[in-house]
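K.L.:
Just dropping this structure here.
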Amino acid sequence: MTCEELAQRLEAWRNGSLPEGKARALEQHAADCVSCYAMLDQASRPANIPSRIPPPEGLREATLAAVRRRRLRSRATMSVTLMTGVAALVLLAWFLRPGRKLESDFPGARLTLVATDHARPSLAALDAAESEVEDALQTSPDDPALSTALARIRQARDDLSQLIGEIGS
Amino acid sequence: MRLRLLRFAFVWPVALSAQAPLSRGFSVGPEVSLRIWVPEGSVRVEAWDRDSVRVVGSLGKGSRFVGSGGTQHASLVVESVDSKAMPLAHGELVVTVPRKALVWIKLAQGAVVASGTAGELKAITVSGTVTVSEAQGTVSVETIDAAVSITSVRGEVHVRGGSGRVQLSGINGTATTATVNGAVELRGDSLGSASLETIGGSIQVWGALEHSALIGLESHSGSITLHLNSKALPSLALTSRGGTVTNALGRGEGKAGHIVAHSFRGSIIVLPIAATVLR
């Protein structure tokens, strides 16, 4: 294909009416010819399209408002994160301060700790007794005396736990 | 000492110095409901036939006394001036109350002593000792592992404990006691109905029963020992699932009360009482 033939068939190629074989030959020529390539490139661009399309009415304001909202949310999130971080640091510093003992500083919690500490042997004894009765129940599941004994032990544990709570309250 | 009588719907002054002396008084109704809360130290409750409360004693360093309430309800509290202070607030109080007052005491560590009350007395403690004597009405003690001694009470006695020993004597009324590991002892020459339970502690009963009394004894692994008068032997129903039952006195008759004892694996022993034991 010559440069003149390409120029003659350019319009047919652009509107798609050029046969497949001639279209491939035209493109093959343009690939090897700088001037014809420029013509083909120019012809392949959509006609009558303005260089700048004006945005739909209100899009600009809506976009700017969305950006502003996003910035506010971002600032709020950052503030909360910052405050949480500072609070965590303060708490951490308080917990790790020199000379702090491991016990809680609050009277009720301290009393609960004292009560729990004193109750430990009793709770261990109750656990052991409960295990014994449960074992016995496996061999004699229908023995009402064992069920009663188990209920009594569990009641004793509940009572002790309640007393610990009452001491700390 | 001149007693200052105050109607005290306000908070009393603070005592801050080490072992600061304390002396307060205020008028109340004859059946005032009084709550006494001392974290550590001692509380002695005495009763008198006046419509007033007197508080004397001392406060530990960093502790203060706060009294509040009115003539029907009042509270006496020893607390730390600094709520974050590590030592528990300490007070040594002697509180004299109207005889029929309802007295509620909470003391985490230390000694509670009460005598002469005729209303309702309730003590809650963690450790230390609780001693009640010459009281009427209802006496209730709940403790984690304090030793409890209750003597000469006319009325109802309730004790719930952990590993501390519980000693009851001269109870003219009913008694219910439950411990985990604490030994339980009941003495009297005219015992009323009672229910004594323990998991791992021992139970010992000395004395004679009222003719209509029923005493129920229950243990898991603790031994049960009965020291009884052979001439006034109550009817005895003794069973131990895994322990031995040794009865040197026989089954007895129902004319001198009833004792039902059961243990999961503790031993049960019945012995003749020595004539001098109860004196």
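Going through the structure tokens in order, the chains are called A, B, and so on, while each chain numbers its residues from 1 and the ligands are numbered from 1 in the order shown.
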Output the contact residues of chain A with respect to chain B at a cut-off of 9 Å, based on only C-alpha atoms, as a PyMOL selection string.
P.N.:
chain A and resi 101+103-107+110-111+114-116+118-119+121-123+125-126+129+133+146+149+153+156-157+159-160+163-164+166-167
K.L.:
So that I can check the surroundings of Ser115 in chain B, please list as a PyMOL selection string every protein, DNA and RNA residue that reaches within 6 Å of it, counting only C-alpha atoms and ignoring chain neighbours fewer than 5 positions away.
P.N.:
chain B and resi 46+132-135
K.L.:
For CA of Ala237 in chain B and CA of Glu253 in chain B, determine how far apart the two atoms are, in Å to one decimal place.
P.N.:
10.8 Å
K.L.:
Between CA of Gly170 in chain B and CA of Arg154 in chain B, what is the spacing in Å?
P.N.:
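We find that CA of Arg154 in chain B and CA of Gly170 in chain B lie 8.4 Å from each other.
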